[in-house]
Amino acid sequence: MTTTVTEPFGPLDPFAHPALFYRDEQEYLDGTLPFVRDGLEAGEPVAVAVPGKNLALIRDALGDAAETVRLLDMREAGRNPGRIIPGVLRAFADAQPAGRRVRIIGEPVWAGRSGIEYPACAQHEALINAAFQGRAATIMCPYDVARLPEDMVTDAYATHPTVIHPGSRAEQDSAAFAPEDVVARYNEALPPVPEALMFAFDADSLPHARHVAVGEGARLGLVGVKLDDLALATAELTTNSVVHGGGTGVLRVWPEDGYVVCEVRDDGHLTDVLAGRRPVPRDQRGGRGVLLVNLIADLVRVHRSDSGTTVRCWFAR
Amino acid sequence: MKNRHHLSSAGPVPGLAVFPLSGRQGVRAAGEVGLTTRAIWEGVLEEAVREGEDVYYLELSDVTFVDVAGAGALAAAAGQLRDGRRFVVRRPPAALRRTLDLLWPGQTGIEVSTS
């Protein structure tokens, strides 16, 4: 006789995504260290991707155990929030043995994130839920509630199904959890910059669009790898417009503080919310253009509307 | 500067020209690999896979750009090589090396030579 064990309340999503609210270094360590140590004791692969100063805190407190944890400075690995899912979280999780639960501390939002970066941060936090649905993983996201603006903390309740309050170890359900709303709310319009260099392209002028972007990027001070990256991003975004976005588009390039910004606007509809955020299986042909842009740019912002799609990317000069 | 528009494109669209190498199996390519030249590039790679030589040279010093799909076609072709066969990719543009490193790290069948 065999017995079938079934879940009494239906299958539970094995993915956990708590926000950890902290006000100081002690609360940071009280929240993160047990999470790391419990994972190591359970034989789970553990990664920590947080800003450098917090990374040093965790590394020093872990001592020798730090050598068994993947440590990444989120200010570099996650400078572009759109890079974090494919380049940090999935890159780590997918490299582990199948079926093994993974633990990751990911801190993509820190005091000092600019107003241009933050909408991409909030969307990233919301999209983690879709990207990891059904996977055996726990991703804990620390939030410095003493220094972050109140609206960013409010958003964390909407992007995380559970939250851990300062000084507490207990996860509480977040009644405000509504990740799709956050993705929609931060789908902010990117109005054209009037003083930008502009080039309208179609299939025949694709190579010229890239040459125009590279020429302007070089004139504005991009060199070396950053100039190559501008060329790659321009090629991928303009090619997408020709192939998927109605056949034509408009390229703009301009300087903004320490960056050169490249924007491609077309009439296409980018419906896949995780476009450019999924690692692509090695044997799949195509579908890597936006992923590459996310991996190389310092920031990517996207605006999707009924009338078209705008992708804007920043390259530090 | 206000409203600087590039209204016309200067010169002909860059193509991709391919020449057989003398003295060794392979080709020298000149131009760009992008949407408009992808079919030519894929044809070169299909032929290279069929050749059956242990080493097939792709001399790319006169190729100024390869897009992600072009890099993907190279990775896919290299993935079809068996029995230790490989492509030697000579002096590729920086964009190709960067794309291969980021999206196809450790791809078998591709040896990048910068000399």
# chains A, B, ... in the order shown; residues from 1 in each chain; ligands from 1
$ select_by_dssp --residues "region 5-115 of chain B" --states "strand (DSSP E or B)" --output "PyMOL selection string"
chain B and resi 5+16-20+26-33+55-66+86-90+110-113
$ write_last_selection --atoms "C-alpha atoms" --output "PDB file, in the first residue's frame"
ATOM      1  CA  HIS B   5      19.156  66.295 -37.023  1.00  0.00           C
ATOM      2  CA  LEU B  16      30.299  42.412 -45.739  1.00  0.00           C
ATOM      3  CA  ALA B  17      32.815  41.072 -48.223  1.00  0.00           C
ATOM      4  CA  VAL B  18      34.339  37.622 -47.836  1.00  0.00           C
ATOM      5  CA  PHE B  19      37.548  36.279 -49.429  1.00  0.00           C
ATOM      6  CA  PRO B  20      39.136  32.815 -49.213  1.00  0.00           C
ATOM      7  CA  GLY B  26      39.316  29.866 -43.795  1.00  0.00           C
ATOM      8  CA  VAL B  27      38.137  33.256 -44.929  1.00  0.00           C
ATOM      9  CA  ARG B  28      38.976  36.912 -44.514  1.00  0.00           C
ATOM     10  CA  ALA B  29      35.942  39.120 -43.990  1.00  0.00           C
ATOM     11  CA  ALA B  30      35.729  42.892 -44.373  1.00  0.00           C
ATOM     12  CA  GLY B  31      32.902  45.205 -43.380  1.00  0.00           C
ATOM     13  CA  GLU B  32      30.249  44.846 -40.699  1.00  0.00           C
ATOM     14  CA  VAL B  33      28.041  42.064 -39.365  1.00  0.00           C
ATOM     15  CA  VAL B  55      41.102  24.429 -37.654  1.00  0.00           C
ATOM     16  CA  TYR B  56      39.151  26.982 -39.655  1.00  0.00           C
ATOM     17  CA  TYR B  57      40.418  30.562 -39.688  1.00  0.00           C
ATOM     18  CA  LEU B  58      38.131  33.573 -39.571  1.00  0.00           C
ATOM     19  CA  GLU B  59      40.325  36.587 -40.269  1.00  0.00           C
ATOM     20  CA  LEU B  60      38.303  39.545 -38.952  1.00  0.00           C
ATOM     21  CA  SER B  61      40.821  42.389 -38.721  1.00  0.00           C
ATOM     22  CA  ASP B  62      38.854  44.318 -41.371  1.00  0.00           C
ATOM     23  CA  VAL B  63      35.510  43.685 -39.700  1.00  0.00           C
ATOM     24  CA  THR B  64      34.565  46.823 -37.789  1.00  0.00           C
ATOM     25  CA  PHE B  65      31.475  45.589 -35.932  1.00  0.00           C
ATOM     26  CA  VAL B  66      29.566  42.389 -35.080  1.00  0.00           C
ATOM     27  CA  ARG B  86      37.705  24.770 -33.726  1.00  0.00           C
ATOM     28  CA  PHE B  87      37.423  28.211 -35.276  1.00  0.00           C
ATOM     29  CA  VAL B  88      40.392  30.497 -34.850  1.00  0.00           C
ATOM     30  CA  VAL B  89      38.942  34.012 -34.830  1.00  0.00           C
ATOM     31  CA  ARG B  90      41.754  36.382 -35.687  1.00  0.00           C
ATOM     32  CA  ILE B 110      36.166  29.286 -30.529  1.00  0.00           C
ATOM     33  CA  GLU B 111      39.768  30.406 -30.113  1.00  0.00           C
ATOM     34  CA  VAL B 112      40.192  34.167 -30.212  1.00  0.00           C
ATOM     35  CA  SER B 113      43.585  35.294 -31.444  1.00  0.00           C
TER      36      SER B 113
END
$ interface_residues --of "chain A" --to "chain B" --cutoff "7 Å" --atoms "only C-alpha atoms" --output "ChimeraX atom specification"
/A:194-199,205,207-208,228,232,235,239,285-286,289
$ write_last_selection --atoms "N, CA and C atoms" --output "PDB file, in the first residue's frame"
ATOM      1  N   PRO A 194      14.885  67.908 -26.082  1.00  0.00           N
ATOM      2  CA  PRO A 194      14.908  68.703 -27.324  1.00  0.00           C
ATOM      3  C   PRO A 194      16.304  68.967 -27.879  1.00  0.00           C
ATOM      4  N   GLU A 195      17.300  69.111 -27.004  1.00  0.00           N
ATOM      5  CA  GLU A 195      18.627  69.477 -27.518  1.00  0.00           C
ATOM      6  C   GLU A 195      19.462  68.273 -27.945  1.00  0.00           C
ATOM      7  N   ALA A 196      18.862  67.063 -27.906  1.00  0.00           N
ATOM      8  CA  ALA A 196      19.623  65.861 -28.257  1.00  0.00           C
ATOM      9  C   ALA A 196      19.890  65.787 -29.755  1.00  0.00           C
ATOM     10  N   LEU A 197      20.991  65.130 -30.114  1.00  0.00           N
ATOM     11  CA  LEU A 197      21.226  64.762 -31.504  1.00  0.00           C
ATOM     12  C   LEU A 197      20.191  63.716 -31.891  1.00  0.00           C
ATOM     13  N   MET A 198      19.550  63.886 -33.037  1.00  0.00           N
ATOM     14  CA  MET A 198      18.443  63.010 -33.416  1.00  0.00           C
ATOM     15  C   MET A 198      18.695  62.388 -34.775  1.00  0.00           C
ATOM     16  N   PHE A 199      18.345  61.109 -34.913  1.00  0.00           N
ATOM     17  CA  PHE A 199      18.522  60.405 -36.190  1.00  0.00           C
ATOM     18  C   PHE A 199      17.360  59.431 -36.372  1.00  0.00           C
ATOM     19  N   SER A 205      19.164  52.288 -43.030  1.00  0.00           N
ATOM     20  CA  SER A 205      20.109  53.209 -42.372  1.00  0.00           C
ATOM     21  C   SER A 205      20.572  52.709 -41.002  1.00  0.00           C
ATOM     22  N   PRO A 207      23.136  50.755 -40.052  1.00  0.00           N
ATOM     23  CA  PRO A 207      24.559  50.972 -39.742  1.00  0.00           C
ATOM     24  C   PRO A 207      24.872  52.446 -39.494  1.00  0.00           C
ATOM     25  N   HIS A 208      24.192  53.336 -40.229  1.00  0.00           N
ATOM     26  CA  HIS A 208      24.442  54.767 -40.038  1.00  0.00           C
ATOM     27  C   HIS A 208      23.986  55.226 -38.660  1.00  0.00           C
ATOM     28  N   ASP A 228      32.553  51.206 -27.177  1.00  0.00           N
ATOM     29  CA  ASP A 228      32.130  49.938 -27.791  1.00  0.00           C
ATOM     30  C   ASP A 228      30.739  49.547 -27.290  1.00  0.00           C
ATOM     31  N   LEU A 232      27.274  48.760 -29.285  1.00  0.00           N
ATOM     32  CA  LEU A 232      26.489  47.526 -29.162  1.00  0.00           C
ATOM     33  C   LEU A 232      25.044  47.831 -28.787  1.00  0.00           C
ATOM     34  N   ALA A 235      23.157  49.365 -31.671  1.00  0.00           N
ATOM     35  CA  ALA A 235      22.866  48.364 -32.700  1.00  0.00           C
ATOM     36  C   ALA A 235      21.699  47.475 -32.284  1.00  0.00           C
ATOM     37  N   THR A 239      18.102  47.743 -34.122  1.00  0.00           N
ATOM     38  CA  THR A 239      17.722  46.521 -34.852  1.00  0.00           C
ATOM     39  C   THR A 239      16.376  46.007 -34.348  1.00  0.00           C
ATOM     40  N   ARG A 285      18.594  30.418 -30.142  1.00  0.00           N
ATOM     41  CA  ARG A 285      19.062  31.430 -31.084  1.00  0.00           C
ATOM     42  C   ARG A 285      18.302  32.722 -30.821  1.00  0.00           C
ATOM     43  N   GLY A 286      18.994  33.818 -30.796  1.00  0.00           N
ATOM     44  CA  GLY A 286      18.344  35.128 -30.722  1.00  0.00           C
ATOM     45  C   GLY A 286      17.796  35.470 -29.341  1.00  0.00           C
ATOM     46  N   GLY A 289      19.369  40.677 -27.280  1.00  0.00           N
ATOM     47  CA  GLY A 289      19.750  42.069 -27.482  1.00  0.00           C
ATOM     48  C   GLY A 289      19.536  42.932 -26.246  1.00  0.00           C
TER      49      GLY A 289
END
$ atom_distance --atom1 "CA of His211 (chain A)" --atom2 "CA of Leu270 (chain A)"
25.4 Å
$ residues_around --residues "Asp267 (chain A)" --least-positions-apart "5" --cutoff "7 Å" --atoms "only C-alpha atoms" --output "list in words"
Gly245, Gly246, Ser307, Gly308 and Thr309 of chain A
$ residues_around --residues "Asn80 (chain A)" --least-positions-apart "4" --cutoff "9 Å" --atoms "only C-alpha atoms" --output "CSV table (one decimal) with C-alpha atoms, in the first residue's frame"
chain,number,residue,atom,x,y,z
A,75,ARG,CA,27.1,49.4,-6.4
A,76,GLU,CA,29.0,47.8,-9.3
A,84,ILE,CA,20.5,42.4,-11.2
A,117,GLU,CA,17.7,55.4,-11.1
A,120,ALA,CA,14.2,51.2,-12.3
A,121,CYS,CA,15.0,50.0,-8.8
A,294,ASN,CA,21.1,45.5,-19.5
A,295,LEU,CA,24.4,43.8,-18.8
A,296,ILE,CA,26.6,46.7,-20.2
A,297,ALA,CA,24.7,49.9,-19.5
A,298,ASP,CA,25.1,51.9,-16.3
A,299,LEU,CA,21.3,52.4,-16.2
A,300,VAL,CA,18.5,51.4,-18.5
$ select_by_dssp --residues "region 84-250 of chain A" --states "helix (DSSP H, G or I)" --output "ChimeraX atom specification"
/A:84-94,118-131,150-159,179-185,203-219,224-244
$ write_last_selection --atoms "C-alpha atoms" --output "JSON list (two decimals), in the first residue's frame"
[["chain", "number", "residue", "atom", "x", "y", "z"],
["A", 84, "ILE", "CA", 20.53, 42.44, -11.23],
["A", 85, "ILE", "CA", 18.09, 39.64, -12.10],
["A", 86, "PRO", "CA", 20.04, 38.18, -15.06],
["A", 87, "GLY", "CA", 23.58, 39.20, -14.04],
["A", 88, "VAL", "CA", 23.50, 38.65, -10.27],
["A", 89, "LEU", "CA", 20.48, 36.72, -8.94],
["A", 90, "ARG", "CA", 19.74, 34.26, -11.73],
["A", 91, "ALA", "CA", 23.43, 34.03, -12.63],
["A", 92, "PHE", "CA", 24.10, 32.75, -9.10],
["A", 93, "ALA", "CA", 20.93, 30.66, -8.67],
["A", 94, "ASP", "CA", 21.19, 28.97, -12.08],
["A", 118, "TYR", "CA", 14.97, 54.78, -8.50],
["A", 119, "PRO", "CA", 12.02, 53.93, -10.81],
["A", 120, "ALA", "CA", 14.19, 51.18, -12.31],
["A", 121, "CYS", "CA", 15.05, 49.97, -8.78],
["A", 122, "ALA", "CA", 11.38, 49.74, -7.77],
["A", 123, "GLN", "CA", 10.46, 47.90, -10.97],
["A", 124, "HIS", "CA", 13.37, 45.54, -10.46],
["A", 125, "GLU", "CA", 12.23, 44.69, -6.92],
["A", 126, "ALA", "CA", 8.70, 44.06, -8.20],
["A", 127, "LEU", "CA", 9.90, 41.88, -11.11],
["A", 128, "ILE", "CA", 12.00, 39.62, -8.87],
["A", 129, "ASN", "CA", 8.69, 38.02, -7.84],
["A", 130, "ALA", "CA", 7.85, 37.09, -11.43],
["A", 131, "ALA", "CA", 11.41, 36.08, -12.29],
["A", 150, "GLU", "CA", 9.54, 57.29, 3.16],
["A", 151, "ASP", "CA", 8.07, 56.57, -0.28],
["A", 152, "MET", "CA", 10.85, 54.07, -1.02],
["A", 153, "VAL", "CA", 10.03, 52.21, 2.19],
["A", 154, "THR", "CA", 6.34, 52.30, 1.30],
["A", 155, "ASP", "CA", 7.19, 50.78, -2.08],
["A", 156, "ALA", "CA", 9.07, 47.96, -0.35],
["A", 157, "TYR", "CA", 5.77, 46.85, 1.22],
["A", 158, "ALA", "CA", 4.33, 46.61, -2.30],
["A", 159, "THR", "CA", 7.27, 44.75, -3.85],
["A", 179, "PRO", "CA", 4.14, 44.10, -7.53],
["A", 180, "GLU", "CA", 2.23, 44.61, -10.80],
["A", 181, "ASP", "CA", 1.03, 47.99, -9.53],
["A", 182, "VAL", "CA", 4.62, 49.07, -8.87],
["A", 183, "VAL", "CA", 5.74, 48.01, -12.35],
["A", 184, "ALA", "CA", 2.88, 50.06, -13.84],
["A", 185, "ARG", "CA", 3.31, 53.09, -11.56],
["A", 203, "ALA", "CA", 16.37, 49.05, -42.12],
["A", 204, "ASP", "CA", 18.56, 50.69, -44.75],
["A", 205, "SER", "CA", 20.11, 53.21, -42.37],
["A", 206, "LEU", "CA", 20.75, 50.88, -39.39],
["A", 207, "PRO", "CA", 24.56, 50.97, -39.74],
["A", 208, "HIS", "CA", 24.44, 54.77, -40.04],
["A", 209, "ALA", "CA", 22.41, 55.03, -36.84],
["A", 210, "ARG", "CA", 25.19, 53.22, -35.02],
["A", 211, "HIS", "CA", 27.89, 55.37, -36.62],
["A", 212, "VAL", "CA", 26.00, 58.53, -35.66],
["A", 213, "ALA", "CA", 25.71, 57.35, -32.02],
["A", 214, "VAL", "CA", 29.38, 56.38, -31.83],
["A", 215, "GLY", "CA", 30.49, 59.66, -33.38],
["A", 216, "GLU", "CA", 28.44, 61.68, -30.93],
["A", 217, "GLY", "CA", 29.48, 59.45, -27.99],
["A", 218, "ALA", "CA", 33.15, 59.98, -28.83],
["A", 219, "ARG", "CA", 32.63, 63.73, -29.21],
["A", 224, "GLY", "CA", 37.37, 52.50, -25.01],
["A", 225, "VAL", "CA", 34.97, 49.85, -23.75],
["A", 226, "LYS", "CA", 32.26, 52.42, -22.98],
["A", 227, "LEU", "CA", 32.27, 53.57, -26.60],
["A", 228, "ASP", "CA", 32.13, 49.94, -27.79],
["A", 229, "ASP", "CA", 29.21, 49.39, -25.40],
["A", 230, "LEU", "CA", 27.38, 52.41, -26.80],
["A", 231, "ALA", "CA", 27.83, 50.92, -30.28],
["A", 232, "LEU", "CA", 26.49, 47.53, -29.16],
["A", 233, "ALA", "CA", 23.50, 49.02, -27.33],
["A", 234, "THR", "CA", 22.62, 51.27, -30.26],
["A", 235, "ALA", "CA", 22.87, 48.36, -32.70],
["A", 236, "GLU", "CA", 20.64, 46.11, -30.60],
["A", 237, "LEU", "CA", 17.97, 48.70, -29.84],
["A", 238, "THR", "CA", 17.76, 50.05, -33.39],
["A", 239, "THR", "CA", 17.72, 46.52, -34.85],
["A", 240, "ASN", "CA", 14.86, 45.64, -32.48],
["A", 241, "SER", "CA", 12.92, 48.65, -33.78],
["A", 242, "VAL", "CA", 13.39, 47.49, -37.36],
["A", 243, "VAL", "CA", 12.58, 43.83, -36.68],
["A", 244, "HIS", "CA", 9.95, 44.07, -33.92]]
